[in-house]
file target.cif (mmCIF, C-alpha atoms)
data_upload
loop_
_atom_site.label_atom_id
_atom_site.label_comp_id
_atom_site.auth_asym_id
_atom_site.auth_seq_id
_atom_site.Cartn_x
_atom_site.Cartn_y
_atom_site.Cartn_z
CA MET A 1 -96.85 -140.04 -44.43
CA ASN A 2 -98.76 -136.79 -44.41
CA THR A 3 -101.29 -135.10 -46.63
CA THR A 4 -99.76 -131.73 -45.86
CA THR A 5 -102.98 -129.80 -45.58
CA ARG A 6 -103.70 -129.30 -41.92
CA ARG A 7 -100.62 -127.96 -40.15
CA GLY A 8 -101.13 -124.70 -38.22
CA ALA A 9 -103.46 -123.26 -40.85
CA ALA A 10 -104.79 -120.61 -38.52
CA GLY A 11 -101.49 -118.75 -38.43
CA LEU A 12 -101.13 -118.52 -42.18
CA LEU A 13 -104.76 -117.71 -42.71
CA ALA A 14 -104.59 -114.92 -40.15
CA LEU A 15 -101.56 -113.51 -41.91
CA ALA A 16 -103.31 -113.67 -45.30
CA VAL A 17 -106.31 -111.83 -43.87
CA LEU A 18 -104.08 -109.25 -42.20
CA VAL A 19 -102.19 -108.52 -45.39
CA THR A 20 -105.01 -108.37 -47.90
CA GLY A 21 -108.39 -109.21 -46.34
CA CYS A 22 -110.90 -111.88 -47.32
CA GLY A 23 -113.48 -111.81 -50.07
CA ARG A 24 -114.04 -112.74 -53.69
CA SER A 25 -111.53 -112.66 -56.49
CA THR A 26 -110.13 -109.25 -57.27
CA GLY A 27 -109.46 -110.09 -60.90
CA LYS A 28 -105.77 -109.28 -60.43
CA ALA A 29 -103.68 -109.96 -63.53
CA PRO A 30 -101.23 -112.87 -63.38
CA GLU A 31 -97.90 -111.88 -61.87
CA GLU A 32 -94.89 -111.86 -64.16
CA ALA A 33 -91.97 -114.20 -63.45
CA LYS A 34 -88.35 -113.14 -63.91
CA ASP A 35 -85.92 -115.37 -65.79
CA VAL A 36 -83.06 -117.06 -63.96
CA GLN A 37 -79.56 -115.93 -64.92
CA ALA A 38 -77.12 -118.84 -65.09
CA SER A 39 -74.22 -116.45 -64.56
CA LYS A 40 -75.50 -115.67 -61.06
CA VAL A 41 -75.54 -119.28 -59.83
CA GLY A 42 -73.19 -119.78 -56.87
CA GLY A 43 -72.82 -119.14 -53.16
CA GLU A 44 -75.05 -120.30 -50.30
CA VAL A 45 -78.68 -121.38 -50.56
CA THR A 46 -80.76 -121.58 -47.39
CA VAL A 47 -83.54 -124.16 -47.41
CA TRP A 48 -86.29 -125.06 -44.94
CA ALA A 49 -87.74 -128.55 -45.28
CA ILE A 50 -90.33 -130.46 -43.28
CA GLY A 51 -90.72 -133.88 -41.70
CA GLU A 52 -88.70 -136.91 -42.77
CA GLU A 53 -87.92 -135.19 -46.06
CA GLY A 54 -86.41 -132.32 -44.14
CA LYS A 55 -84.18 -134.65 -42.19
CA ALA A 56 -82.89 -136.34 -45.37
CA LEU A 57 -82.54 -133.40 -47.74
CA GLY A 58 -79.31 -131.96 -46.32
CA ALA A 59 -77.26 -135.05 -47.11
CA PHE A 60 -79.08 -135.54 -50.42
CA ALA A 61 -78.24 -131.98 -51.53
CA LYS A 62 -74.53 -132.82 -51.47
CA ASP A 63 -75.02 -134.23 -54.96
CA PHE A 64 -76.18 -130.80 -56.14
CA GLU A 65 -73.12 -129.19 -54.57
CA SER A 66 -70.82 -131.67 -56.32
CA VAL A 67 -72.14 -130.74 -59.78
CA ASN A 68 -72.18 -127.04 -58.93
CA PRO A 69 -68.75 -126.19 -57.43
CA GLY A 70 -68.90 -123.17 -55.19
CA VAL A 71 -72.51 -123.73 -54.14
CA THR A 72 -73.44 -124.62 -50.56
CA VAL A 73 -76.93 -125.79 -49.62
CA ASN A 74 -77.83 -125.34 -45.95
CA VAL A 75 -80.99 -127.23 -44.99
CA THR A 76 -82.92 -126.54 -41.78
CA PRO A 77 -85.33 -129.37 -40.92
CA MET A 78 -88.59 -128.60 -39.10
CA GLY A 79 -91.60 -130.57 -37.95
CA TRP A 80 -95.00 -130.47 -39.59
CA ASP A 81 -96.43 -129.28 -36.28
CA ILE A 82 -94.51 -125.98 -36.42
CA ALA A 83 -93.97 -125.47 -40.16
CA HIS A 84 -96.96 -123.20 -40.83
CA ASP A 85 -96.22 -120.94 -37.87
CA LYS A 86 -92.50 -120.82 -38.62
CA ILE A 87 -93.09 -119.75 -42.22
CA THR A 88 -95.76 -117.27 -41.14
CA SER A 89 -93.42 -115.63 -38.65
CA ALA A 90 -90.62 -115.49 -41.20
CA ILE A 91 -92.86 -113.72 -43.72
CA ALA A 92 -94.14 -111.26 -41.13
CA GLY A 93 -90.62 -110.53 -39.96
CA SER A 94 -89.03 -110.39 -43.43
CA ALA A 95 -86.75 -113.25 -42.40
CA THR A 96 -87.53 -115.91 -44.99
CA PRO A 97 -84.99 -118.41 -46.31
CA ASP A 98 -84.21 -118.68 -50.01
CA VAL A 99 -86.26 -121.87 -50.45
CA SER A 100 -88.90 -123.66 -48.43
CA MET A 101 -90.85 -126.86 -48.71
CA ILE A 102 -94.59 -126.25 -48.21
CA GLY A 103 -97.72 -128.39 -48.08
CA SER A 104 -99.58 -128.94 -51.32
CA THR A 105 -102.54 -126.75 -50.32
CA TRP A 106 -100.55 -123.84 -48.92
CA SER A 107 -99.64 -121.92 -52.08
CA GLY A 108 -102.85 -119.90 -52.13
CA GLU A 109 -102.37 -118.80 -48.53
CA LEU A 110 -98.71 -117.91 -48.99
CA SER A 111 -99.02 -116.24 -52.39
CA LYS A 112 -101.73 -114.01 -50.92
CA THR A 113 -99.09 -112.41 -48.70
CA GLY A 114 -96.99 -111.42 -51.72
CA ALA A 115 -93.98 -113.28 -50.31
CA LEU A 116 -93.53 -115.92 -53.03
CA ASP A 117 -91.46 -115.55 -56.17
CA PRO A 118 -93.31 -116.61 -59.37
CA THR A 119 -91.84 -119.66 -61.09
CA PRO A 120 -89.42 -118.73 -63.91
CA GLY A 121 -90.63 -120.18 -67.19
CA ASN A 122 -87.14 -120.30 -68.69
CA LEU A 123 -86.10 -122.88 -66.09
CA ILE A 124 -89.21 -124.91 -65.22
CA ASP A 125 -91.44 -126.70 -67.75
CA LYS A 126 -94.86 -127.31 -66.22
CA GLY A 127 -95.62 -129.93 -68.88
CA LYS A 128 -93.23 -132.35 -67.17
CA PHE A 129 -95.37 -132.57 -64.03
CA PHE A 130 -98.60 -134.43 -63.37
CA PRO A 131 -101.39 -131.95 -64.19
CA GLY A 132 -103.06 -132.41 -60.82
CA ALA A 133 -99.76 -131.74 -59.05
CA TRP A 134 -99.18 -128.56 -61.03
CA GLN A 135 -102.59 -127.31 -59.88
CA THR A 136 -101.17 -127.10 -56.37
CA VAL A 137 -98.82 -124.25 -57.36
CA ASP A 138 -101.03 -122.43 -59.89
CA VAL A 139 -102.83 -119.46 -58.33
CA ASN A 140 -104.93 -117.32 -60.70
CA GLY A 141 -102.72 -118.19 -63.64
CA THR A 142 -99.38 -117.64 -61.88
CA ALA A 143 -97.24 -120.54 -60.67
CA TYR A 144 -95.48 -120.15 -57.33
CA GLY A 145 -92.89 -122.89 -56.89
CA VAL A 146 -93.02 -126.42 -58.27
CA PRO A 147 -94.52 -129.71 -57.09
CA TRP A 148 -91.76 -131.72 -55.40
CA TYR A 149 -93.31 -135.02 -54.47
CA VAL A 150 -96.87 -136.31 -54.71
CA GLU A 151 -99.26 -138.81 -53.24
CA THR A 152 -102.62 -140.05 -54.42
CA ARG A 153 -105.32 -142.40 -53.17
CA VAL A 154 -106.03 -145.91 -54.44
CA MET A 155 -107.96 -148.86 -53.08
CA TYR A 156 -106.26 -151.43 -50.82
CA TYR A 157 -107.88 -154.83 -50.37
CA ARG A 158 -107.22 -158.20 -48.76
CA THR A 159 -106.33 -160.58 -51.57
CA ASP A 160 -106.78 -163.64 -49.35
CA GLN A 161 -110.30 -162.61 -48.36
CA ALA A 162 -111.23 -161.77 -51.95
CA ALA A 163 -110.01 -165.19 -53.08
CA LYS A 164 -111.98 -166.87 -50.32
CA ALA A 165 -115.10 -164.94 -51.34
CA GLY A 166 -114.53 -165.66 -55.03
CA VAL A 167 -114.57 -162.01 -56.12
CA LYS A 168 -112.29 -159.69 -58.03
CA PRO A 169 -111.49 -156.13 -56.85
CA PRO A 170 -114.15 -153.61 -57.88
CA ALA A 171 -113.87 -151.40 -60.96
CA THR A 172 -117.08 -149.38 -60.45
CA TRP A 173 -119.16 -147.94 -57.61
CA GLU A 174 -121.72 -150.69 -58.03
CA GLU A 175 -119.07 -153.41 -57.84
CA TRP A 176 -117.58 -151.68 -54.78
CA LYS A 177 -120.70 -152.53 -52.79
CA SER A 178 -121.10 -156.08 -54.07
CA PHE A 179 -117.38 -156.71 -53.50
CA THR A 180 -117.60 -155.46 -49.91
CA LYS A 181 -120.75 -157.51 -49.29
CA ALA A 182 -118.99 -160.63 -50.54
CA LEU A 183 -116.01 -159.96 -48.25
CA GLN A 184 -118.43 -159.70 -45.33
CA ASP A 185 -120.50 -162.78 -46.12
CA LYS A 186 -117.79 -165.11 -47.43
CA GLY A 187 -114.34 -163.60 -46.89
CA GLY A 188 -114.39 -163.00 -43.13
CA ALA A 189 -114.32 -159.18 -43.19
CA LYS A 190 -117.33 -158.82 -40.92
CA LYS A 191 -117.10 -155.03 -40.70
CA GLY A 192 -116.78 -154.57 -44.45
CA PHE A 193 -114.84 -151.61 -45.85
CA ASN A 194 -112.94 -149.10 -43.72
CA GLN A 195 -114.15 -145.69 -44.90
CA GLY A 196 -112.93 -142.58 -43.08
CA TYR A 197 -115.58 -140.55 -41.27
CA THR A 198 -113.61 -138.20 -39.02
CA GLU A 199 -110.36 -136.32 -39.64
CA GLY A 200 -109.31 -136.52 -43.28
CA SER A 201 -112.68 -137.75 -44.54
CA TRP A 202 -112.93 -134.87 -47.00
CA GLN A 203 -109.99 -136.40 -48.86
CA GLU A 204 -112.12 -139.48 -49.49
CA VAL A 205 -115.23 -137.53 -50.46
CA LEU A 206 -113.72 -135.10 -52.97
CA PRO A 207 -112.84 -137.95 -55.36
CA LEU A 208 -116.43 -139.21 -55.18
CA ILE A 209 -117.70 -135.75 -56.17
CA TRP A 210 -115.25 -135.59 -59.06
CA GLN A 211 -116.09 -139.15 -60.10
CA ALA A 212 -119.76 -138.15 -60.30
CA GLY A 213 -118.86 -135.31 -62.67
CA GLY A 214 -118.91 -132.55 -60.07
CA GLU A 215 -116.49 -129.75 -59.30
CA ILE A 216 -116.05 -127.96 -55.99
CA VAL A 217 -115.17 -124.66 -57.66
CA LYS A 218 -116.84 -122.92 -60.60
CA ASP A 219 -116.32 -119.36 -61.85
CA GLY A 220 -114.14 -118.59 -58.83
CA ASP A 221 -116.62 -119.71 -56.17
CA TYR A 222 -117.12 -122.87 -54.13
CA THR A 223 -119.86 -125.17 -55.48
CA PHE A 224 -120.83 -127.95 -53.06
CA ASP A 225 -124.61 -127.92 -53.45
CA THR A 226 -124.94 -129.49 -56.90
CA PRO A 227 -126.58 -132.73 -58.12
CA GLU A 228 -123.13 -134.20 -58.78
CA ALA A 229 -121.85 -133.34 -55.32
CA VAL A 230 -124.97 -134.86 -53.77
CA ALA A 231 -124.38 -138.01 -55.86
CA GLY A 232 -120.88 -138.29 -54.41
CA LEU A 233 -122.19 -137.75 -50.89
CA LYS A 234 -124.83 -140.43 -51.45
CA GLN A 235 -122.16 -142.94 -52.46
CA TYR A 236 -120.16 -142.06 -49.35
CA ALA A 237 -123.16 -142.30 -47.02
CA SER A 238 -124.53 -145.49 -48.54
CA LEU A 239 -121.65 -147.64 -47.33
CA PHE A 240 -122.40 -146.62 -43.76
CA ARG A 241 -126.17 -146.82 -44.16
CA GLU A 242 -126.02 -150.30 -45.68
CA LYS A 243 -123.66 -151.50 -42.93
CA LEU A 244 -120.85 -152.03 -45.42
CA ALA A 245 -118.53 -149.65 -43.52
CA PRO A 246 -118.17 -149.22 -39.74
CA ASN A 247 -118.78 -145.83 -38.16
CA ASP A 248 -117.60 -146.86 -34.71
CA THR A 249 -113.91 -147.57 -35.30
CA PRO A 250 -112.00 -146.39 -32.20
CA LYS A 251 -109.17 -143.94 -32.60
CA GLY A 252 -106.06 -145.92 -33.45
CA GLY A 253 -108.12 -148.89 -34.62
CA PHE A 254 -106.96 -148.52 -38.20
CA PRO A 255 -105.01 -150.12 -39.89
CA GLN A 256 -105.02 -152.89 -37.27
CA ASN A 257 -108.61 -153.73 -38.19
CA PHE A 258 -107.39 -154.38 -41.76
CA ILE A 259 -104.41 -156.44 -40.62
CA LYS A 260 -106.68 -158.51 -38.37
CA GLY A 261 -109.13 -159.00 -41.23
CA GLU A 262 -112.03 -157.19 -39.57
CA VAL A 263 -112.28 -154.98 -42.66
CA GLY A 264 -111.29 -156.08 -46.12
CA GLY A 265 -110.42 -152.82 -47.81
CA PHE A 266 -109.82 -149.08 -47.56
CA VAL A 267 -108.71 -146.11 -49.64
CA SER A 268 -105.40 -144.44 -48.82
CA GLY A 269 -102.04 -143.20 -50.08
CA PRO A 270 -98.72 -144.88 -50.92
CA TRP A 271 -97.29 -144.62 -47.41
CA MET A 272 -99.68 -147.34 -46.28
CA VAL A 273 -97.75 -149.97 -48.25
CA GLY A 274 -94.81 -149.56 -45.91
CA VAL A 275 -97.03 -149.35 -42.84
CA LEU A 276 -98.77 -152.60 -43.67
CA ASN A 277 -95.55 -154.40 -44.55
CA ASN A 278 -94.03 -153.32 -41.24
CA ASP A 279 -97.03 -153.76 -38.95
CA GLY A 280 -98.49 -156.82 -40.64
CA GLY A 281 -95.45 -158.99 -39.94
CA ASP A 282 -93.94 -161.80 -41.99
CA GLY A 283 -96.00 -162.78 -45.00
CA PHE A 284 -98.59 -160.02 -44.75
CA LYS A 285 -97.30 -158.36 -47.91
CA ASP A 286 -98.76 -161.33 -49.79
CA LYS A 287 -102.22 -160.80 -48.27
CA PHE A 288 -103.01 -157.39 -49.74
CA ASP A 289 -102.75 -155.47 -52.99
CA VAL A 290 -103.78 -152.14 -54.51
CA VAL A 291 -106.04 -151.26 -57.44
CA PRO A 292 -107.24 -147.95 -58.94
CA TYR A 293 -110.18 -146.10 -57.45
CA PRO A 294 -113.49 -147.67 -58.56
CA LYS A 295 -115.03 -145.50 -61.26
CA GLY A 296 -118.11 -143.44 -60.65
CA PRO A 297 -120.67 -142.33 -63.25
CA VAL A 298 -118.11 -140.12 -65.03
CA SER A 299 -114.54 -141.02 -64.01
CA GLY A 300 -112.18 -142.69 -61.56
CA THR A 301 -110.50 -139.42 -60.53
CA SER A 302 -108.58 -139.49 -57.27
CA PHE A 303 -107.11 -136.94 -54.86
CA VAL A 304 -103.54 -135.68 -55.24
CA GLY A 305 -101.53 -134.24 -52.37
CA GLY A 306 -97.87 -134.00 -51.50
CA SER A 307 -95.43 -131.14 -51.14
CA ASP A 308 -94.14 -128.19 -53.16
CA MET A 309 -90.92 -126.18 -53.21
CA VAL A 310 -91.07 -122.38 -53.30
CA VAL A 311 -88.62 -119.48 -53.50
CA PHE A 312 -89.27 -116.28 -51.58
CA LYS A 313 -89.07 -112.84 -53.17
CA GLN A 314 -86.63 -111.76 -50.47
CA ALA A 315 -84.28 -114.64 -51.27
CA LYS A 316 -80.66 -113.53 -50.99
CA ASN A 317 -79.60 -116.05 -53.64
CA ARG A 318 -82.63 -116.27 -55.94
CA ASP A 319 -81.01 -117.64 -59.09
CA THR A 320 -79.16 -120.44 -57.30
CA ALA A 321 -82.30 -121.23 -55.33
CA TRP A 322 -84.28 -121.80 -58.53
CA LYS A 323 -81.39 -123.79 -60.01
CA PHE A 324 -81.57 -126.06 -56.96
CA ILE A 325 -85.30 -126.57 -57.46
CA GLN A 326 -84.71 -127.31 -61.13
CA TRP A 327 -82.20 -129.97 -60.09
CA LEU A 328 -84.69 -131.51 -57.65
CA SER A 329 -87.14 -131.74 -60.57
CA ASP A 330 -84.80 -133.76 -62.78
CA PRO A 331 -86.36 -137.22 -63.44
CA LYS A 332 -83.28 -139.15 -62.33
CA VAL A 333 -82.92 -137.03 -59.19
CA GLN A 334 -86.60 -137.54 -58.43
CA ALA A 335 -86.19 -141.30 -58.80
CA LYS A 336 -83.17 -141.29 -56.49
CA TRP A 337 -85.13 -139.19 -53.98
CA TYR A 338 -87.82 -141.88 -54.01
CA THR A 339 -85.25 -144.50 -53.01
CA THR A 340 -84.14 -142.18 -50.19
CA VAL A 341 -87.47 -141.40 -48.49
CA LYS A 342 -90.13 -143.21 -50.62
CA ALA A 343 -91.63 -139.90 -51.75
CA LEU A 344 -93.35 -140.35 -55.13
CA PRO A 345 -92.07 -138.20 -58.03
CA ALA A 346 -94.16 -135.26 -59.23
CA VAL A 347 -92.37 -135.40 -62.60
CA GLN A 348 -94.02 -137.94 -64.91
CA GLU A 349 -90.84 -139.04 -66.68
CA ALA A 350 -89.30 -140.15 -63.38
CA TRP A 351 -91.81 -143.02 -63.25
CA ASN A 352 -89.96 -144.62 -66.19
CA GLU A 353 -86.80 -144.94 -64.12
CA PRO A 354 -86.06 -148.50 -62.91
CA GLU A 355 -86.36 -147.51 -59.25
CA LEU A 356 -90.10 -147.12 -59.80
CA SER A 357 -91.04 -148.97 -62.99
CA ALA A 358 -90.14 -152.39 -61.58
CA ASP A 359 -92.73 -152.22 -58.76
CA PRO A 360 -96.26 -153.29 -59.84
CA GLN A 361 -97.92 -151.61 -56.86
CA LEU A 362 -96.20 -148.31 -57.59
CA LYS A 363 -97.46 -148.56 -61.16
CA VAL A 364 -101.03 -148.38 -59.84
CA PHE A 365 -100.25 -145.10 -58.07
CA GLY A 366 -98.52 -143.75 -61.19
CA GLU A 367 -101.55 -144.50 -63.35
CA GLN A 368 -103.92 -142.98 -60.79
CA LEU A 369 -101.89 -139.76 -60.71
CA LYS A 370 -102.54 -139.09 -64.41
CA ASP A 371 -106.08 -138.03 -63.67
CA ALA A 372 -105.90 -136.99 -59.98
CA LYS A 373 -107.07 -133.56 -58.80
CA THR A 374 -106.31 -131.26 -55.91
CA PRO A 375 -108.39 -128.88 -53.79
CA PRO A 376 -108.20 -125.28 -55.02
CA PRO A 377 -105.23 -123.22 -53.79
CA PHE A 378 -107.55 -120.79 -52.00
CA PRO A 379 -106.44 -119.09 -48.76
CA THR A 380 -109.64 -120.28 -47.05
CA TRP A 381 -109.41 -123.94 -48.04
CA GLU A 382 -108.37 -125.07 -44.55
CA GLN A 383 -111.54 -123.55 -43.11
CA ILE A 384 -113.67 -125.30 -45.71
CA ALA A 385 -111.94 -128.62 -45.00
CA LYS A 386 -112.80 -128.34 -41.31
CA VAL A 387 -116.43 -127.59 -42.15
CA MET A 388 -116.50 -130.64 -44.41
CA GLU A 389 -115.07 -132.91 -41.73
CA THR A 390 -117.71 -131.83 -39.22
CA GLU A 391 -120.57 -132.34 -41.65
CA LEU A 392 -119.26 -135.59 -43.11
CA GLU A 393 -119.04 -137.13 -39.66
CA LYS A 394 -122.70 -136.27 -39.11
CA LEU A 395 -123.51 -137.86 -42.46
CA ALA A 396 -121.60 -141.05 -41.65
CA LEU A 397 -123.37 -141.32 -38.30
CA GLY A 398 -126.78 -140.96 -39.94
CA LYS A 399 -127.46 -137.57 -38.37
CA SER A 400 -127.97 -135.80 -41.71
CA THR A 401 -128.78 -136.61 -45.33
CA PRO A 402 -126.55 -136.05 -48.37
CA GLU A 403 -128.81 -133.20 -49.47
CA GLU A 404 -128.66 -131.53 -46.07
CA THR A 405 -124.90 -132.01 -45.91
CA ALA A 406 -124.39 -130.35 -49.29
CA LYS A 407 -126.53 -127.37 -48.31
CA VAL A 408 -124.77 -126.82 -44.98
CA ILE A 409 -121.29 -127.03 -46.53
CA GLN A 410 -122.34 -124.65 -49.31
CA ALA A 411 -123.80 -122.15 -46.86
CA GLN A 412 -120.62 -122.15 -44.80
CA ALA A 413 -118.48 -121.87 -47.94
CA ASP A 414 -120.51 -118.89 -49.13
CA THR A 415 -119.97 -117.20 -45.77
CA ILE A 416 -116.26 -117.93 -45.65
CA GLY A 417 -115.55 -117.11 -49.31
CA THR A 418 -112.44 -118.04 -51.26
CA GLY A 419 -110.14 -115.46 -49.72
CA LEU A 420 -108.91 -114.29 -53.13
#

call {"tool": "encode", "arguments": {"input": "target.cif", "output": "structure tokens"}}
result
Amino acid sequence: MNTTTRRGAAGLLALAVLVTGCGRSTGKAPEEAKDVQASKVGGEVTVWAIGEEGKALGAFAKDFESVNPGVTVNVTPMGWDIAHDKITSAIAGSATPDVSMIGSTWSGELSKTGALDPTPGNLIDKGKFFPGAWQTVDVNGTAYGVPWYVETRVMYYRTDQAAKAGVKPPATWEEWKSFTKALQDKGGAKKGFNQGYTEGSWQEVLPLIWQAGGEIVKDGDYTFDTPEAVAGLKQYASLFREKLAPNDTPKGGFPQNFIKGEVGGFVSGPWMVGVLNNDGGDGFKDKFDVVPYPKGPVSGTSFVGGSDMVVFKQAKNRDTAWKFIQWLSDPKVQAKWYTTVKALPAVQEAWNEPELSADPQLKVFGEQLKDAKTPPPFPTWEQIAKVMETELEKLALGKSTPEETAKVIQAQADTIGTGL
């Protein structure tokens, strides 16, 4: 499974800069969305979709065709490794499809080019989606597309090691440390808790900042050098400093170190359930479970990622394209899509469908999504994420302090700007 934030960002960012230039917010008024005319629904819809979802969507869309006689949906699958560049080239060459799947942090970059069609309010009700998921398509008050599927982060832990150590999974930051210490001393997890410190580590740190009451954006600017952000960074660094998390895990060592019992817990998304069940072998599914993120001083907010669906302004069949996206957002269709590729629904009502409601582990993810947040849909976010990864690795290795880390990230963010 993929967090959909790091695929070929340079190409899109370069295009955004070329079209409009970088800098602070221009104060541009929200763009108006046109209504969809039901009388115009029909004909061919061209769709680009990415990864495993892209491979499965063509066959899945046959159901839409069956309830809309005369409509044909042609899906072109593409890999995550080329998706950004392919979309960038299509925008530059005025050769976009009607619909495309995009990563959950791409809307700011793409909307900056002026290529995306605003979401029609007469067809899409934003109140049906998880609030954090809707943030991924909202740019300066205008929605571009809709959230299609989502993912969020929860805590995984070894139930057998916790039972051996006589401890329950942690509910707070303080319990997180005592829980990990008990797993080390009594449960057999000698290396403690697997906490990311290289690629993707920013996705583990943002929740800690939010849980401490911080925000990474205020009044249209990045805000990383705040007391709350430093508090989150201190929590992150303390697990490494107190030898409760390893900072020497070799590439490819995770999740095998969890399966082997070397570490007793980690934070990750829903795709890891399937990975562990497959890689752990017979009976391993009974040796782990998931619980919500331990709460910080203010909240237990987690990170939300996933994928969105957008329509391009140059779509040849705009009204049918939006009708297709509306169909994909139907709760029952979302639940069926989950059974097809295990992609979690972005529509809250879909979680009441039996395909999801009967699974206790999925329920944990559903509850976590109610209060999850996303990075801002700024064209420069990918640059900021790379800065964070570099500085967070230094922090995990003890080469900088939380205060120094916050100042460096802030300085770089001030230089880069939001791109709006």

call {"tool": "closest_residue", "arguments": {"input": "target.cif", "among": "A:Ala171, A:Ala212, A:Ala163, A:Ile124", "to": "Val298 (chain A)", "atoms": "only C-alpha atoms"}}
result
A:Ala212

call {"tool": "residues_near_point", "arguments": {"input": "target.cif", "point": "(-76.6, -135.7, -48.5)", "cutoff": "12 Å", "atoms": "only C-alpha atoms", "output": "list of chain:residue names"}}
result
A:Glu53, A:Gly54, A:Lys55, A:Ala56, A:Leu57, A:Gly58, A:Ala59, A:Phe60, A:Ala61, A:Lys62, A:Asp63, A:Phe64, A:Glu65, A:Ser66, A:Thr72, A:Val73, A:Asn74, A:Val75, A:Lys336, A:Trp337, A:Thr340

call {"tool": "residues_around", "arguments": {"input": "target.cif", "residues": "Asp308 (chain A)", "least_positions_apart": "2", "cutoff": "6 Å", "atoms": "all atoms listed in the file", "output": "tab-separated table (two decimals) with C-alpha atoms, in the coordinates of the input"}}
result
chain	number	residue	atom	x	y	z
A	101	MET	CA	-90.85	-126.86	-48.71
A	102	ILE	CA	-94.59	-126.25	-48.21
A	104	SER	CA	-99.58	-128.94	-51.32
A	146	VAL	CA	-93.02	-126.42	-58.27
A	147	PRO	CA	-94.52	-129.71	-57.09
A	148	TRP	CA	-91.76	-131.72	-55.40

call {"tool": "residues_around", "arguments": {"input": "target.cif", "residues": "Phe179 (chain A)", "least_positions_apart": "4", "cutoff": "8 Å", "atoms": "all atoms listed in the file", "output": "ChimeraX atom specification"}}
result
/A:167-170,175,183

call {"tool": "resolve_selection", "arguments": {"input": "target.cif", "expression": "the PyMOL selection byres ((chain A and resi 197) around 10)", "output": "MDAnalysis selection string"}}
result
chainID A and resid 194:196 198:202 204:205 236:237 240 245:249 389:397

call {"tool": "resolve_selection", "arguments": {"input": "target.cif", "expression": "the PyMOL selection byres ((chain A and resi 370-373) around 6)", "output": "list in words"}}
result
Gly132, Thr301, Ser302, Phe303, Val304, Glu367, Gln368, Leu369 and Thr374 of chain A

call {"tool": "resolve_selection", "arguments": {"input": "target.cif", "expression": "the PyMOL selection byres ((chain A and resi 311-314) around 7)", "output": "PyMOL selection string"}}
result
chain A and resi 96+98-100+115-117+145+310+315-316+321

call {"tool": "closest_residue", "arguments": {"input": "target.cif", "among": "A:Thr401, A:Gln326, A:Thr142, A:Ser299", "to": "Gly214 (chain A)", "atoms": "all atoms listed in the file"}}
result
A:Ser299

call {"tool": "atom_distance", "arguments": {"input": "target.cif", "atom1": "CA of Pro377 (chain A)", "atom2": "CA of Trp134 (chain A)"}}
result
10.8 Å

call {"tool": "closest_residue", "arguments": {"input": "target.cif", "among": "A:Asn68, A:Val263, A:Lys112, A:Trp322", "to": "Asp35 (chain A)", "atoms": "all atoms listed in the file"}}
result
A:Trp322

call {"tool": "decode", "arguments": {"input": "target.cif", "residues": "region 195-214 of chain A", "atoms": "C-alpha atoms", "output": "PDB file, in the first residue's frame"}}
result
ATOM      1  CA  GLN A 195       9.658   3.954  14.919  1.00  0.00           C
ATOM      2  CA  GLY A 196      10.454   5.212  11.424  1.00  0.00           C
ATOM      3  CA  TYR A 197      13.479   7.475  11.105  1.00  0.00           C
ATOM      4  CA  THR A 198      14.185   7.623   7.366  1.00  0.00           C
ATOM      5  CA  GLU A 199      11.799   7.786   4.400  1.00  0.00           C
ATOM      6  CA  GLY A 200       8.232   8.406   5.530  1.00  0.00           C
ATOM      7  CA  SER A 201       9.160   9.484   9.049  1.00  0.00           C
ATOM      8  CA  TRP A 202       7.330  12.785   8.633  1.00  0.00           C
ATOM      9  CA  GLN A 203       4.098  10.805   8.486  1.00  0.00           C
ATOM     10  CA  GLU A 204       4.797   9.581  12.010  1.00  0.00           C
ATOM     11  CA  VAL A 205       5.838  12.985  13.331  1.00  0.00           C
ATOM     12  CA  LEU A 206       2.942  15.097  12.057  1.00  0.00           C
ATOM     13  CA  PRO A 207       0.456  13.224  14.292  1.00  0.00           C
ATOM     14  CA  LEU A 208       2.689  13.879  17.306  1.00  0.00           C
ATOM     15  CA  ILE A 209       2.660  17.615  16.536  1.00  0.00           C
ATOM     16  CA  TRP A 210      -1.124  17.584  16.177  1.00  0.00           C
ATOM     17  CA  GLN A 211      -1.510  15.499  19.332  1.00  0.00           C
ATOM     18  CA  ALA A 212       0.483  18.140  21.229  1.00  0.00           C
ATOM     19  CA  GLY A 213      -1.948  20.819  20.047  1.00  0.00           C
ATOM     20  CA  GLY A 214       0.218  22.147  17.229  1.00  0.00           C
TER      21      GLY A 214
END
